[in-house]
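Colleague: Quick one: the structure is below, questions incoming.
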Amino acid sequence: MKRTDYHRSQQNKHRLVILGIVAVLLIAGGLVFNLVLNRHQRQQAFLRNYPVRGVMLDQTDEYADFNQLQTNGMKYVYIRATQGATFTDDDFNDNYTRSIGSGLKVGVYHQYSFSSSIPDQEQNLKRTLGNNIGDLPIMINVSYYNDYNAENVDQKRLKRRLQELVAWTARYSNRPVLIKTSFANYRALRDLPDTEFMLPRTQTGKNVTFASLTKQNQLYNNGKGSDFRMTAFHGSKVQWNQYLQVLKQNESRKSDLND
C-alpha cells in the first residue's frame, strides 16, 4: 500500500471514530434532554393537579420562614403540637406564633400513641393548645413506630380508641378531625363520624380530603424541591376556598349550639 493511501485510510478511520463519538454524544444529549423535559412536564402536570399544597413541621425540621413558604406557593401549614400523653413539641409555640399573619392557613397536629391512654392524650392536647387550634381541622397522625406495626396492632381496638379521641377533639375544636394514616388503617376507620382523612397520594376514598406526598413530589410552585414534608388538598383553589368557608360556617354553628 502506498504511503498516501495509508494516510488516507488512517484519516478515514479517524473521521469515522470522530463521527461515532459525535453520534453517541448527540444521542446521549437527546436522551438527557428528553429526561429533563419529561421530568419538567411531569412536575408541571403535578402542580396543575395539586395547586393547594402545604407542609408539616415538627422540632426536627429546620427553621421555617412562613412568609417565604407562602411566597413559594404553599397554602397551609400543619404544626406538631403534641405526642402521646406527655410530650410537647419544643418548637410548637414559636412555630405557631410566627405562622400567624403569614398568609398561610394554620393547622395543628397530634402524634397518636398506641400505648398512652386516650384521656391522657386528650389532656396533653388541651394543656398544650389552649385556644391555639388554628384554622384547619386538628390532625391526628396515626403511624407505626418501634414495635407497633400492621401485624400486631388490633384494628378493632384502634378504631375504639380513635373514635373516643376523635369525638373529644371534634367537641374541643367544633370542627371535623383529620386523620393522617395508611390506606389499611383507613379501611378500618373510614366510617368514624366527624372524620376526614389524609392518605398517600395514590389512595382515595370517602372523606379523603388531603394527600401525603412522596419526596419527589415535594415541590414549590417554581418546581424546586422542599426538605419539608409536604401534603396536598384534593381539589382546586376554588374548592379549597369553599372548603375553608364550610369549615368556618360549621364551626360557628356548632359553637352556637354548645353555648
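FYI, nothing fancy with the C-alpha cells labels: chains A, B, ... in order, residues from 1 per chain, ligands from 1 as they appear.
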From the DSSP assignment of the backbone, select every residue of range 82-124 of chain A that is helix (DSSP H, G or I), and format the answer as a PyMOL selection string.
Modeller: chain A and resi 92-99+118-124
Colleague: So that I can check the secondary structure, give me every residue of range 39-90 of chain A assigned strand (DSSP E or B) by backbone DSSP, as a list in words.
Modeller: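 Those residues are Arg53, Gly54, Val55, Met56, Leu57, Met74, Lys75, Tyr76, Val77, Tyr78, Ile79, Arg80, Ala81, Thr82, Gln83, Phe87 and Thr88 of chain A.
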Colleague: Residues near range 85-92 of chain A, anyone? I mean within 9 Å using only C-alpha atoms, not counting same-chain ones fewer than 3 positions away, as a VMD selection string.
Modeller: chain A and resid 57 to 60 79 to 82 95 to 97 108 113 116 to 125 128
Colleague: Grab the residues selected above and save them as a compact mmCIF listing (two decimals), in the first residue's frame with N, CA, C and O atoms.
Modeller:
```txt
# COMPACT_ATOMS: atom_id res chain seq x y z
N LEU A 57 -44.64 20.39 59.97
CA LEU A 57 -43.43 20.76 60.69
C LEU A 57 -43.41 20.15 62.08
O LEU A 57 -44.45 20.04 62.74
N ASP A 58 -42.22 19.79 62.54
CA ASP A 58 -42.01 19.47 63.94
C ASP A 58 -40.62 19.95 64.33
O ASP A 58 -39.90 20.55 63.52
N GLN A 59 -40.22 19.70 65.56
CA GLN A 59 -38.97 20.25 66.07
C GLN A 59 -37.72 19.68 65.39
O GLN A 59 -36.63 20.22 65.56
N THR A 60 -37.86 18.60 64.64
CA THR A 60 -36.70 18.04 63.93
C THR A 60 -36.42 18.77 62.62
O THR A 60 -35.38 18.54 62.00
N ILE A 79 -48.58 22.11 62.08
CA ILE A 79 -47.50 22.19 63.06
C ILE A 79 -47.76 21.18 64.17
O ILE A 79 -48.85 21.15 64.75
N ARG A 80 -46.76 20.34 64.45
CA ARG A 80 -46.94 19.37 65.53
C ARG A 80 -47.00 20.08 66.87
O ARG A 80 -46.16 20.93 67.18
N ALA A 81 -48.00 19.70 67.66
CA ALA A 81 -48.16 20.25 69.00
C ALA A 81 -47.75 19.24 70.06
O ALA A 81 -47.00 19.56 70.99
N THR A 82 -48.26 18.02 69.91
CA THR A 82 -48.11 17.04 70.98
C THR A 82 -47.87 15.64 70.42
O THR A 82 -48.11 15.37 69.24
N ASN A 95 -43.30 28.18 66.38
CA ASN A 95 -43.82 27.98 65.02
C ASN A 95 -45.23 28.53 64.88
O ASN A 95 -45.56 29.19 63.88
N TYR A 96 -46.05 28.27 65.88
CA TYR A 96 -47.45 28.72 65.80
C TYR A 96 -47.53 30.24 65.78
O TYR A 96 -48.22 30.83 64.94
N THR A 97 -46.78 30.89 66.67
CA THR A 97 -46.81 32.35 66.75
C THR A 97 -46.30 32.98 65.46
O THR A 97 -46.89 33.94 64.94
N VAL A 108 -52.86 22.34 63.40
CA VAL A 108 -52.01 21.73 64.43
C VAL A 108 -52.26 20.22 64.40
O VAL A 108 -53.33 19.76 64.00
N SER A 113 -50.44 7.98 70.08
CA SER A 113 -49.69 6.94 70.78
C SER A 113 -50.55 5.69 70.93
O SER A 113 -51.71 5.78 71.36
N SER A 116 -50.35 5.08 75.22
CA SER A 116 -50.89 6.02 76.21
C SER A 116 -52.41 5.98 76.20
O SER A 116 -53.04 5.77 75.15
N SER A 117 -53.00 6.24 77.36
CA SER A 117 -54.46 6.25 77.44
C SER A 117 -55.02 7.41 76.63
O SER A 117 -54.36 8.45 76.47
N ILE A 118 -56.22 7.25 76.14
CA ILE A 118 -56.84 8.31 75.35
C ILE A 118 -57.12 9.55 76.21
O ILE A 118 -56.82 10.68 75.78
N PRO A 119 -57.67 9.42 77.42
CA PRO A 119 -57.86 10.63 78.24
C PRO A 119 -56.56 11.39 78.50
O PRO A 119 -56.57 12.63 78.50
N ASP A 120 -55.47 10.69 78.70
CA ASP A 120 -54.19 11.37 78.91
C ASP A 120 -53.73 12.10 77.65
O ASP A 120 -53.17 13.20 77.72
N GLN A 121 -53.97 11.51 76.49
CA GLN A 121 -53.61 12.19 75.24
C GLN A 121 -54.49 13.41 75.02
O GLN A 121 -54.02 14.46 74.54
N GLU A 122 -55.76 13.31 75.38
CA GLU A 122 -56.66 14.45 75.26
C GLU A 122 -56.21 15.60 76.15
O GLU A 122 -56.18 16.77 75.71
N GLN A 123 -55.83 15.29 77.38
CA GLN A 123 -55.39 16.33 78.30
C GLN A 123 -54.09 16.97 77.85
O GLN A 123 -53.88 18.18 78.04
N ASN A 124 -53.22 16.18 77.24
CA ASN A 124 -51.97 16.74 76.71
C ASN A 124 -52.27 17.75 75.61
O ASN A 124 -51.67 18.83 75.55
N LEU A 125 -53.20 17.39 74.74
CA LEU A 125 -53.60 18.31 73.67
C LEU A 125 -54.20 19.59 74.25
O LEU A 125 -53.83 20.70 73.85
N THR A 128 -51.64 21.83 75.97
CA THR A 128 -50.67 22.45 75.06
C THR A 128 -51.32 23.49 74.15
O THR A 128 -50.76 24.56 73.93
```
Colleague: Report as CSV: every residue of range 64-127 of chain A with an atom at most 10 Å from range 170-191 of chain A, its closest pair of atoms, and their distance in Å to one decimal, counting only C-alpha atoms, with rows sorted by chain and ascending residue number.
Modeller:
```
residue,atom,partner,partner_atom,distance
A:Tyr109,CA,A:Leu178,CA,8.9
A:His110,CA,A:Ile179,CA,9.7
A:Gln111,CA,A:Lys180,CA,9.7
A:Tyr112,CA,A:Ile179,CA,9.8
A:Glu122,CA,A:Tyr172,CA,9.6
A:Leu125,CA,A:Tyr172,CA,9.9
A:Lys126,CA,A:Tyr172,CA,8.3
```
Colleague: Quick one: everything within 8 Å of Val166 in chain A, counting only C-alpha atoms, minus sequence neighbours fewer than 2 positions away in the same chain. Send it as a JSON list (two decimals) with all heavy atoms, in the first residue's frame.
Modeller:
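Below is the file result24.json, written as the result:
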```json
[["chain", "number", "residue", "atom", "x", "y", "z"],
["A", 162, "LEU", "N", -59.63, 5.51, 68.69],
["A", 162, "LEU", "CA", -59.69, 6.70, 67.86],
["A", 162, "LEU", "C", -61.09, 7.30, 67.82],
["A", 162, "LEU", "O", -61.24, 8.52, 67.71],
["A", 162, "LEU", "CB", -59.20, 6.40, 66.45],
["A", 162, "LEU", "CG", -57.67, 6.38, 66.34],
["A", 162, "LEU", "CD1", -57.21, 5.84, 65.00],
["A", 162, "LEU", "CD2", -57.09, 7.79, 66.55],
["A", 163, "GLN", "N", -62.09, 6.47, 67.93],
["A", 163, "GLN", "CA", -63.45, 7.00, 67.99],
["A", 163, "GLN", "C", -63.60, 7.91, 69.21],
["A", 163, "GLN", "O", -64.21, 8.98, 69.14],
["A", 163, "GLN", "CB", -64.46, 5.86, 68.05],
["A", 163, "GLN", "CG", -65.91, 6.32, 67.98],
["A", 163, "GLN", "CD", -66.86, 5.16, 67.75],
["A", 163, "GLN", "OE1", -66.47, 3.99, 67.80],
["A", 163, "GLN", "NE2", -68.12, 5.47, 67.50],
["A", 164, "GLU", "N", -63.01, 7.48, 70.33],
["A", 164, "GLU", "CA", -63.05, 8.27, 71.56],
["A", 164, "GLU", "C", -62.24, 9.57, 71.39],
["A", 164, "GLU", "O", -62.71, 10.65, 71.75],
["A", 164, "GLU", "CB", -62.49, 7.45, 72.72],
["A", 164, "GLU", "CG", -62.50, 8.17, 74.06],
["A", 164, "GLU", "CD", -61.91, 7.34, 75.18],
["A", 164, "GLU", "OE1", -61.72, 6.12, 74.98],
["A", 164, "GLU", "OE2", -61.63, 7.90, 76.25],
["A", 168, "TRP", "N", -63.80, 13.54, 71.20],
["A", 168, "TRP", "CA", -63.35, 14.60, 72.11],
["A", 168, "TRP", "C", -62.77, 15.77, 71.33],
["A", 168, "TRP", "O", -63.08, 16.94, 71.60],
["A", 168, "TRP", "CB", -62.30, 14.05, 73.08],
["A", 168, "TRP", "CG", -61.78, 15.10, 74.02],
["A", 168, "TRP", "CD1", -62.29, 15.44, 75.24],
["A", 168, "TRP", "CD2", -60.67, 15.99, 73.78],
["A", 168, "TRP", "NE1", -61.58, 16.48, 75.79],
["A", 168, "TRP", "CE2", -60.56, 16.82, 74.92],
["A", 168, "TRP", "CE3", -59.75, 16.13, 72.75],
["A", 168, "TRP", "CZ2", -59.58, 17.81, 75.04],
["A", 168, "TRP", "CZ3", -58.78, 17.11, 72.86],
["A", 168, "TRP", "CH2", -58.69, 17.94, 73.98],
["A", 169, "THR", "N", -61.92, 15.49, 70.34],
["A", 169, "THR", "CA", -61.25, 16.54, 69.57],
["A", 169, "THR", "C", -62.24, 17.35, 68.76],
["A", 169, "THR", "O", -62.11, 18.58, 68.63],
["A", 169, "THR", "CB", -60.17, 15.93, 68.65],
["A", 169, "THR", "OG1", -59.30, 15.10, 69.42],
["A", 169, "THR", "CG2", -59.36, 17.00, 67.97],
["A", 170, "ALA", "N", -63.25, 16.69, 68.20],
["A", 170, "ALA", "CA", -64.28, 17.39, 67.44],
["A", 170, "ALA", "C", -65.06, 18.34, 68.34],
["A", 170, "ALA", "O", -65.38, 19.47, 67.94],
["A", 170, "ALA", "CB", -65.21, 16.39, 66.76],
["A", 177, "VAL", "N", -62.29, 16.21, 62.43],
["A", 177, "VAL", "CA", -60.91, 15.84, 62.75],
["A", 177, "VAL", "C", -60.29, 15.18, 61.53],
["A", 177, "VAL", "O", -60.95, 14.41, 60.82],
["A", 177, "VAL", "CB", -60.87, 14.88, 63.96],
["A", 177, "VAL", "CG1", -59.45, 14.44, 64.27],
["A", 177, "VAL", "CG2", -61.50, 15.56, 65.18],
["A", 194, "ASP", "N", -67.50, 12.56, 62.04],
["A", 194, "ASP", "CA", -66.73, 13.81, 62.19],
["A", 194, "ASP", "C", -65.26, 13.64, 61.82],
["A", 194, "ASP", "O", -64.38, 14.27, 62.41],
["A", 194, "ASP", "CB", -66.82, 14.34, 63.63],
["A", 194, "ASP", "CG", -68.22, 14.76, 64.02],
["A", 194, "ASP", "OD1", -68.89, 15.40, 63.20],
["A", 194, "ASP", "OD2", -68.65, 14.42, 65.13],
["A", 195, "THR", "N", -65.01, 12.79, 60.82],
["A", 195, "THR", "CA", -63.62, 12.46, 60.48],
["A", 195, "THR", "C", -63.35, 12.63, 58.99],
["A", 195, "THR", "O", -64.13, 12.17, 58.15],
["A", 195, "THR", "CB", -63.27, 11.02, 60.90],
["A", 195, "THR", "OG1", -63.62, 10.82, 62.27],
["A", 195, "THR", "CG2", -61.78, 10.75, 60.72]]
```
Colleague: Record the distance separating CA of Gln68 in chain A and CA of Thr209 in chain A, expressed in Å with one decimal.
Modeller: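 About the pair CA of Gln68 in chain A and CA of Thr209 in chain A: they are 25.2 Å apart.
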Colleague: Can you work out the spacing between CA of Ala232 in chain A and CA of Ala211 in chain A in Å, to one decimal?
Modeller: 5.1 Å
Colleague: Between CA of Phe233 in chain A and CA of Tyr76 in chain A, what is the distance in Å, rounded to a tenth?
Modeller: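 Computed distance, CA of Phe233 in chain A to CA of Tyr76 in chain A, equals 9.6 Å.
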Colleague: Which of these residues is nearest to Arg160 in chain A, using only C-alpha atoms: A:Met56, A:Leu192, A:Leu136, A:Ala45?
Modeller: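 That would be A:Leu192, the residue with the smallest distance to Arg160 in chain A.
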Colleague: Which of these, A:Tyr78, A:Phe66, A:Phe197, A:Gly134, has the shortest distance to Ser102 in chain A once you count only C-alpha atoms?
Modeller: A:Phe66
